[in-house]
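Q: Take a look at target11.cif, mmCIF, C-alpha atoms:
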```cif
data_structure
loop_
_atom_site.label_atom_id
_atom_site.label_comp_id
_atom_site.auth_asym_id
_atom_site.auth_seq_id
_atom_site.Cartn_x
_atom_site.Cartn_y
_atom_site.Cartn_z
CA MET A 1 24.82 -31.37 1.72
CA SER A 2 28.34 -30.48 2.91
CA GLY A 3 28.43 -27.61 0.41
CA MET A 4 25.21 -26.24 1.86
CA ARG A 5 26.64 -26.38 5.37
CA HIS A 6 29.81 -24.64 4.19
CA ASN A 7 27.87 -21.77 2.57
CA GLY A 8 25.38 -21.41 5.42
CA PRO A 9 27.34 -18.95 7.61
CA ILE A 10 28.26 -16.77 4.63
CA ALA A 11 24.65 -16.58 3.53
CA LEU A 12 23.51 -15.78 7.07
CA VAL A 13 26.06 -12.98 7.42
CA PHE A 14 25.09 -11.54 4.03
CA HIS A 15 21.38 -11.62 4.88
CA ALA A 16 22.06 -10.10 8.29
CA LEU A 17 23.95 -7.24 6.67
CA VAL A 18 21.14 -6.64 4.17
CA VAL A 19 18.46 -6.68 6.88
CA GLY A 20 20.57 -4.42 9.08
CA PHE A 21 21.10 -1.98 6.22
CA VAL A 22 17.34 -1.85 5.60
CA LEU A 23 16.28 -1.60 9.25
CA ALA A 24 18.98 0.75 10.56
CA PRO A 25 17.38 3.98 9.21
CA LEU A 26 13.97 2.95 10.57
CA ILE A 27 15.41 2.17 14.00
CA VAL A 28 17.31 5.46 14.10
CA ILE A 29 14.28 7.55 13.12
CA CYS A 30 12.15 5.80 15.76
CA LEU A 31 14.77 6.53 18.43
CA VAL A 32 15.06 10.16 17.37
CA ALA A 33 11.28 10.53 17.76
CA PHE A 34 11.69 10.10 21.53
CA THR A 35 14.28 12.82 21.99
CA PRO A 36 13.43 15.71 24.33
CA ALA A 37 15.74 18.04 22.38
CA ASN A 38 14.73 20.50 19.68
CA THR A 39 17.02 18.98 17.06
CA LEU A 40 17.33 15.61 15.33
CA THR A 41 19.42 13.88 17.98
CA LEU A 42 19.30 10.51 19.65
CA PRO A 43 18.00 10.60 23.25
CA THR A 44 20.86 10.19 25.68
CA THR A 45 19.83 10.75 29.30
CA GLN A 46 16.03 10.70 28.98
CA VAL A 47 13.21 10.04 26.56
CA SER A 48 10.19 12.21 25.88
CA LEU A 49 6.83 11.98 24.13
CA ARG A 50 6.68 15.73 23.48
CA TRP A 51 7.01 15.38 19.71
CA PHE A 52 4.25 12.80 19.50
CA ALA A 53 2.02 15.18 21.42
CA ALA A 54 3.06 17.95 19.04
CA VAL A 55 1.93 15.87 16.07
CA PHE A 56 -1.57 15.38 17.46
CA ALA A 57 -1.74 19.03 18.46
CA HIS A 58 -0.85 20.14 14.92
CA PRO A 59 -4.17 20.59 13.05
CA ASP A 60 -2.59 20.39 9.59
CA PHE A 61 -1.00 17.02 10.31
CA VAL A 62 -4.22 15.63 11.78
CA ALA A 63 -6.25 16.80 8.78
CA SER A 64 -3.66 15.40 6.35
CA PHE A 65 -3.67 12.07 8.19
CA LEU A 66 -7.44 11.84 7.88
CA ASN A 67 -7.19 12.72 4.18
CA SER A 68 -4.60 9.99 3.62
CA LEU A 69 -6.64 7.47 5.59
CA TRP A 70 -9.80 8.18 3.59
CA VAL A 71 -8.05 8.21 0.22
CA ALA A 72 -6.04 5.04 0.93
CA ALA A 73 -8.99 3.04 2.27
CA THR A 74 -11.30 4.13 -0.55
CA ALA A 75 -8.71 3.63 -3.29
CA ALA A 76 -7.76 0.18 -1.98
CA THR A 77 -11.40 -0.94 -1.73
CA ILE A 78 -12.32 0.23 -5.22
CA ALA A 79 -9.09 -1.27 -6.57
CA VAL A 80 -10.11 -4.63 -5.09
CA VAL A 81 -13.48 -4.51 -6.87
CA LEU A 82 -11.85 -3.60 -10.19
CA ALA A 83 -9.02 -6.11 -9.81
CA VAL A 84 -11.29 -9.03 -8.93
CA ALA A 85 -13.50 -8.36 -11.96
CA ALA A 86 -10.48 -7.90 -14.25
CA GLY A 87 -8.70 -10.90 -12.77
CA LEU A 88 -11.65 -13.20 -13.38
CA ALA A 89 -11.91 -12.02 -16.99
CA LEU A 90 -8.18 -12.34 -17.67
CA ASP A 91 -7.81 -15.71 -15.96
CA ARG A 92 -10.89 -17.51 -17.21
CA TYR A 93 -11.58 -16.15 -20.68
CA ASP A 94 -9.49 -16.28 -23.82
CA PHE A 95 -10.29 -13.32 -26.05
CA ARG A 96 -8.51 -11.13 -28.56
CA GLY A 97 -6.45 -8.42 -26.88
CA ARG A 98 -6.25 -10.29 -23.58
CA ALA A 99 -2.46 -9.87 -23.28
CA ALA A 100 -2.67 -6.20 -24.24
CA LEU A 101 -5.40 -5.58 -21.68
CA ASN A 102 -3.36 -7.29 -18.98
CA ALA A 103 -0.35 -5.14 -19.87
CA LEU A 104 -2.52 -2.02 -19.75
CA PHE A 105 -3.79 -2.85 -16.26
CA LEU A 106 -0.23 -3.48 -15.00
CA SER A 107 1.37 -0.54 -16.82
CA PRO A 108 1.24 1.84 -13.79
CA LEU A 109 3.87 -0.38 -12.19
CA MET A 110 6.32 0.53 -14.97
CA ILE A 111 5.43 4.19 -15.56
CA PRO A 112 7.27 6.61 -13.22
CA HIS A 113 4.91 8.28 -10.79
CA LEU A 114 6.34 11.63 -11.80
CA VAL A 115 5.03 11.05 -15.33
CA LEU A 116 1.69 9.83 -13.98
CA GLY A 117 1.40 12.91 -11.79
CA VAL A 118 1.99 15.30 -14.68
CA ALA A 119 -0.39 13.37 -16.94
CA LEU A 120 -3.17 13.25 -14.35
CA LEU A 121 -2.70 16.93 -13.54
CA ARG A 122 -3.19 17.81 -17.19
CA LEU A 123 -6.17 15.49 -17.53
CA PHE A 124 -7.90 16.80 -14.41
CA ALA A 125 -7.23 20.38 -15.51
CA LEU A 126 -8.92 19.70 -18.87
CA LEU A 127 -11.88 18.14 -17.05
CA GLY A 128 -12.01 20.97 -14.52
CA ALA A 129 -11.81 18.37 -11.77
CA THR A 130 -8.99 19.61 -9.54
CA GLY A 131 -9.11 20.24 -5.81
CA SER A 132 -11.32 17.32 -4.83
CA LEU A 133 -10.63 14.21 -2.75
CA VAL A 134 -12.68 12.25 -5.28
CA TRP A 135 -10.27 12.97 -8.11
CA LEU A 136 -7.26 12.51 -5.87
CA THR A 137 -8.65 9.09 -4.98
CA ALA A 138 -9.15 8.33 -8.69
CA GLY A 139 -5.47 9.01 -9.28
CA HIS A 140 -4.51 6.69 -6.43
CA ILE A 141 -6.78 3.97 -7.81
CA VAL A 142 -4.81 4.05 -11.07
CA VAL A 143 -1.57 3.57 -9.14
CA VAL A 144 -2.61 0.84 -6.69
CA THR A 145 -4.91 -1.37 -8.79
CA PRO A 146 -1.99 -3.32 -10.36
CA TYR A 147 -0.83 -4.47 -6.91
CA VAL A 148 -4.22 -6.00 -6.20
CA LEU A 149 -4.54 -7.46 -9.69
CA ARG A 150 -1.24 -9.31 -9.47
CA LEU A 151 -2.19 -11.04 -6.22
CA VAL A 152 -5.72 -11.80 -7.43
CA LEU A 153 -4.33 -13.37 -10.61
CA ALA A 154 -1.90 -15.42 -8.51
CA ALA A 155 -4.74 -16.63 -6.30
CA LEU A 156 -6.94 -17.50 -9.29
CA SER A 157 -4.15 -19.35 -11.10
CA GLY A 158 -3.81 -21.77 -8.18
CA LEU A 159 -7.53 -22.17 -7.59
CA ASP A 160 -9.07 -25.63 -7.77
CA ARG A 161 -12.32 -25.08 -9.67
CA SER A 162 -13.84 -28.45 -8.79
CA ALA A 163 -15.82 -26.91 -5.91
CA GLU A 164 -17.24 -24.25 -8.24
CA GLN A 165 -18.18 -26.86 -10.84
CA ALA A 166 -19.84 -29.01 -8.19
CA ALA A 167 -21.91 -26.05 -6.99
CA VAL A 168 -23.01 -25.25 -10.54
CA THR A 169 -23.98 -28.89 -11.05
CA LEU A 170 -26.13 -28.71 -7.92
CA GLY A 171 -27.98 -25.69 -9.28
CA ALA A 172 -26.19 -22.76 -7.68
CA SER A 173 -26.30 -19.49 -9.61
CA GLY A 174 -23.18 -17.71 -10.79
CA TRP A 175 -23.50 -15.06 -8.06
CA ILE A 176 -23.87 -17.68 -5.33
CA VAL A 177 -20.82 -19.55 -6.60
CA PHE A 178 -18.81 -16.33 -6.71
CA ARG A 179 -19.89 -15.10 -3.28
CA ARG A 180 -19.78 -18.35 -1.33
CA ILE A 181 -17.01 -20.31 -3.05
CA THR A 182 -14.75 -18.21 -5.27
CA VAL A 183 -14.29 -15.21 -2.96
CA PRO A 184 -13.53 -17.27 0.20
CA MET A 185 -10.98 -19.34 -1.74
CA ILE A 186 -9.10 -16.30 -3.06
CA LEU A 187 -9.59 -14.20 0.08
CA PRO A 188 -5.90 -14.24 1.08
CA GLY A 189 -5.01 -12.79 -2.33
CA ILE A 190 -7.73 -10.16 -2.03
CA THR A 191 -6.67 -9.26 1.50
CA GLY A 192 -3.01 -9.06 0.58
CA GLY A 193 -3.84 -6.93 -2.44
CA TRP A 194 -5.95 -4.58 -0.36
CA LEU A 195 -3.14 -4.24 2.18
CA LEU A 196 -0.49 -3.50 -0.45
CA ALA A 197 -2.83 -1.05 -2.17
CA PHE A 198 -3.60 0.71 1.11
CA ILE A 199 0.07 1.01 2.09
CA ASN A 200 1.14 2.25 -1.35
CA SER A 201 -1.70 4.76 -1.48
CA PHE A 202 -1.05 5.98 2.06
CA ASP A 203 2.66 6.48 1.30
CA GLU A 204 2.24 7.93 -2.20
CA LEU A 205 4.09 11.22 -2.56
CA THR A 206 5.43 11.85 -6.07
CA MET A 207 2.12 11.68 -7.90
CA SER A 208 0.11 13.25 -5.09
CA ILE A 209 2.19 16.42 -5.14
CA PHE A 210 0.82 17.22 -8.60
CA ILE A 211 -2.86 16.52 -7.98
CA THR A 212 -3.43 17.67 -4.41
CA SER A 213 -4.91 21.02 -3.48
CA PRO A 214 -4.61 22.99 -0.21
CA ALA A 215 -7.80 21.29 1.00
CA THR A 216 -6.75 17.75 0.05
CA VAL A 217 -3.13 17.56 1.19
CA THR A 218 -2.20 14.01 2.17
CA LEU A 219 0.17 13.12 5.00
CA PRO A 220 3.26 12.39 2.83
CA VAL A 221 2.75 15.68 0.97
CA ARG A 222 2.32 17.51 4.28
CA MET A 223 5.54 15.96 5.57
CA TYR A 224 7.34 17.04 2.40
CA MET A 225 6.02 20.58 2.72
CA TYR A 226 6.97 20.72 6.40
CA ALA A 227 10.46 19.37 5.70
CA THR A 228 11.13 22.14 3.18
CA GLU A 229 10.51 24.72 5.90
CA SER A 230 12.08 23.15 8.97
CA ILE A 231 13.41 19.80 10.11
CA ASP A 232 12.78 18.96 13.73
CA PRO A 233 11.99 15.77 15.69
CA MET A 234 8.26 16.12 14.90
CA MET A 235 9.04 14.69 11.46
CA ALA A 236 10.62 11.71 13.16
CA ALA A 237 7.54 11.30 15.37
CA VAL A 238 5.23 11.27 12.32
CA SER A 239 7.48 8.73 10.62
CA ALA A 240 7.53 6.54 13.73
CA LEU A 241 3.74 6.60 13.88
CA MET A 242 3.50 5.56 10.23
CA ILE A 243 5.95 2.72 10.84
CA ALA A 244 3.95 1.59 13.88
CA VAL A 245 0.64 1.57 11.99
CA THR A 246 2.15 -0.40 9.09
CA ALA A 247 3.81 -2.89 11.42
CA ALA A 248 0.58 -3.39 13.38
CA ALA A 249 -1.37 -4.04 10.18
CA MET A 250 1.21 -6.56 8.96
CA LEU A 251 1.26 -8.32 12.33
CA LEU A 252 -2.53 -8.53 12.42
CA LEU A 253 -2.71 -10.01 8.93
CA ASP A 254 0.07 -12.45 9.77
CA ARG A 255 -1.94 -13.66 12.76
CA ILE A 256 -5.14 -14.02 10.75
CA PHE A 257 -3.94 -15.39 7.39
CA GLY A 258 -0.15 -15.69 7.43
CA LEU A 259 1.94 -13.25 5.42
CA ASP A 260 3.50 -16.05 3.38
CA LYS A 261 0.04 -16.91 2.00
CA ILE A 262 -1.07 -13.32 1.55
CA LEU A 263 1.99 -12.06 -0.31
CA VAL A 264 1.77 -14.86 -2.89
CA GLY A 265 -2.01 -14.67 -3.06
CA GLN A 266 -2.65 -18.28 -2.12
CA GLY A 267 -5.04 -19.76 0.40
#
```
Kindly transcribe the structure held in the file into structure tokens.
A:
Amino acid sequence: MSGMRHNGPIALVFHALVVGFVLAPLIVICLVAFTPANTLTLPTTQVSLRWFAAVFAHPDFVASFLNSLWVAATAATIAVVLAVAAGLALDRYDFRGRAALNALFLSPLMIPHLVLGVALLRLFALLGATGSLVWLTAGHIVVVTPYVLRLVLAALSGLDRSAEQAAVTLGASGWIVFRRITVPMILPGITGGWLLAFINSFDELTMSIFITSPATVTLPVRMYMYATESIDPMMAAVSALMIAVTAAAMLLLDRIFGLDKILVGQG
């Protein structure tokens, strides 16, 4: 116990330095977003919302935000459906090729998004399916499904199946058991997976650069394109808005489920 007390302050200082190192750039960019100047400077004598107003007055940024919102929400929802079905099969059935199939589903986590972007660009070009939000969403589904699958598998691995077995004994059909017992019990894992999928899809840049078209530019791609032309505080304002939306979503989920339960996929 004395050793733990002796190491406590050192561990606290180390963790504080790590957290400070991670949060410092985010804090700086949020402060810069309120500058009244025309350059990336911290506000000194006064703060201004002019750059936030400029974001909403910029039609390209608004359109790209709506594209990102639609793609991320759709990709995350479809990824949940696919991951729940795959998770149930992988967790509850023992069949030949099960390990290989699991590795295939999780492989996008290990493949660089640059490689995925080039591969999907070539595939979509062969299919003649470029320039559509549908195919852009399909690419995002490939990238985000593993995040959902990992949390669904974690939720299923800790699931007590006695309630399901009792319902089957009482005559409930498989669909009723799934809808009224299984899904509510793994809901934190599903919700956490959807959230991670949404955030990763909304922030995806590397792969999206290859498979977007002028009509389907997402917000991260738009920010990248804008940054290559000019860097002004409007970029900081967009970044601050993205940070605020993400923080609000995390806070809401923490209030409803608890992030500790969601991020490990347990109820």
Q: What does the distance from CA of Ile181 (chain A) to CA of Ala155 (chain A) come to in Å, to one decimal?
A: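 Rounded to one decimal, the two atoms are 13.2 Å apart.
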Q: For the contact check between region 64-121 of chain A and region 159-165 of chain A, emit one row per residue of region 64-121 of chain A within 12 Å, containing the shortest atom pair and the distance in Å rounded to one decimal, counting all atoms listed in the file, chain then rising number order, as a tab-separated table.
A:
```
residue	atom	partner	partner_atom	distance
A:Leu88	CA	A:Leu159	CA	11.4
A:Asp91	CA	A:Leu159	CA	10.6
A:Arg92	CA	A:Arg161	CA	10.8
```
Q: Apply the PyMOL selection byres ((chain A and resi 75) around 10) to the structure shown and report the selected residues as a PyMOL selection string.
A: chain A and resi 69-74+76-80+134+136-145+194+197-198+201-202
Q: Just the number, please: distance in Å from CA of Pro36 (chain A) to CA of Val217 (chain A), one decimal.
A: 28.5 Å
Q: Near Ile209 (chain A), within 10 Å and counting all atoms listed in the file, which residues show up once chain neighbours fewer than 6 positions away are dropped, as a short mmCIF file (atom, residue, chain, number, x, y, z; two decimals) with C-alpha atoms, in the frame of the given file?
A:
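This is the output file around_39.cif:
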```
data_model
loop_
_atom_site.label_atom_id
_atom_site.label_comp_id
_atom_site.auth_asym_id
_atom_site.auth_seq_id
_atom_site.Cartn_x
_atom_site.Cartn_y
_atom_site.Cartn_z
CA LEU A 114 6.34 11.63 -11.80
CA GLY A 117 1.40 12.91 -11.79
CA VAL A 118 1.99 15.30 -14.68
CA LEU A 121 -2.70 16.93 -13.54
CA VAL A 217 -3.13 17.56 1.19
CA THR A 218 -2.20 14.01 2.17
CA PRO A 220 3.26 12.39 2.83
CA VAL A 221 2.75 15.68 0.97
CA ARG A 222 2.32 17.51 4.28
CA TYR A 224 7.34 17.04 2.40
CA MET A 225 6.02 20.58 2.72
#
```
Q: Which is closer to Ala240 (chain A) than all the others in A:Ala154, A:Leu195, A:Val168, A:Leu31, using all atoms listed in the file?
A: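 Looking at the shortest contact to Ala240 (chain A), the residue is A:Leu31.
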Q: Can you turn the PyMOL selection byres ((chain A and resi 190) around 8) into a concrete residue list for this file, as a compact mmCIF listing (two decimals) with C-alpha atoms, in the frame of the given file?
A:
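Output file part_35.txt is given in full below:
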```txt
# COMPACT_ATOMS: atom_id res chain seq x y z
CA VAL A 80 -10.11 -4.63 -5.09
CA VAL A 84 -11.29 -9.03 -8.93
CA VAL A 148 -4.22 -6.00 -6.20
CA LEU A 151 -2.19 -11.04 -6.22
CA VAL A 152 -5.72 -11.80 -7.43
CA ILE A 186 -9.10 -16.30 -3.06
CA LEU A 187 -9.59 -14.20 0.08
CA PRO A 188 -5.90 -14.24 1.08
CA GLY A 189 -5.01 -12.79 -2.33
CA THR A 191 -6.67 -9.26 1.50
CA GLY A 192 -3.01 -9.06 0.58
CA GLY A 193 -3.84 -6.93 -2.44
CA TRP A 194 -5.95 -4.58 -0.36
CA GLY A 265 -2.01 -14.67 -3.06
```
Q: Would you compute the distance between CA of Val183 (chain A) and CA of Leu253 (chain A)? Give it in Å to one decimal.
A: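 Interatomic distance here is 17.4 Å.
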Q: Residues near region 52-59 of chain A, anyone? I mean within 10 Å using only C-alpha atoms, not counting same-chain ones fewer than 3 positions away, as number ranges by chain.
A: A: 33-34, 48-49, 62-65, 233-238, 240-241
Q: Any chance you can output those residues with C-alpha atoms as a PDB file, in the coordinates of the input?
A:
```pdb
ATOM      1  CA  ALA A  33      11.280  10.530  17.760  1.00  0.00           C
ATOM      2  CA  PHE A  34      11.690  10.100  21.530  1.00  0.00           C
ATOM      3  CA  SER A  48      10.190  12.210  25.880  1.00  0.00           C
ATOM      4  CA  LEU A  49       6.830  11.980  24.130  1.00  0.00           C
ATOM      5  CA  VAL A  62      -4.220  15.630  11.780  1.00  0.00           C
ATOM      6  CA  ALA A  63      -6.250  16.800   8.780  1.00  0.00           C
ATOM      7  CA  SER A  64      -3.660  15.400   6.350  1.00  0.00           C
ATOM      8  CA  PHE A  65      -3.670  12.070   8.190  1.00  0.00           C
ATOM      9  CA  PRO A 233      11.990  15.770  15.690  1.00  0.00           C
ATOM     10  CA  MET A 234       8.260  16.120  14.900  1.00  0.00           C
ATOM     11  CA  MET A 235       9.040  14.690  11.460  1.00  0.00           C
ATOM     12  CA  ALA A 236      10.620  11.710  13.160  1.00  0.00           C
ATOM     13  CA  ALA A 237       7.540  11.300  15.370  1.00  0.00           C
ATOM     14  CA  VAL A 238       5.230  11.270  12.320  1.00  0.00           C
ATOM     15  CA  ALA A 240       7.530   6.540  13.730  1.00  0.00           C
ATOM     16  CA  LEU A 241       3.740   6.600  13.880  1.00  0.00           C
TER      17      LEU A 241
END
```
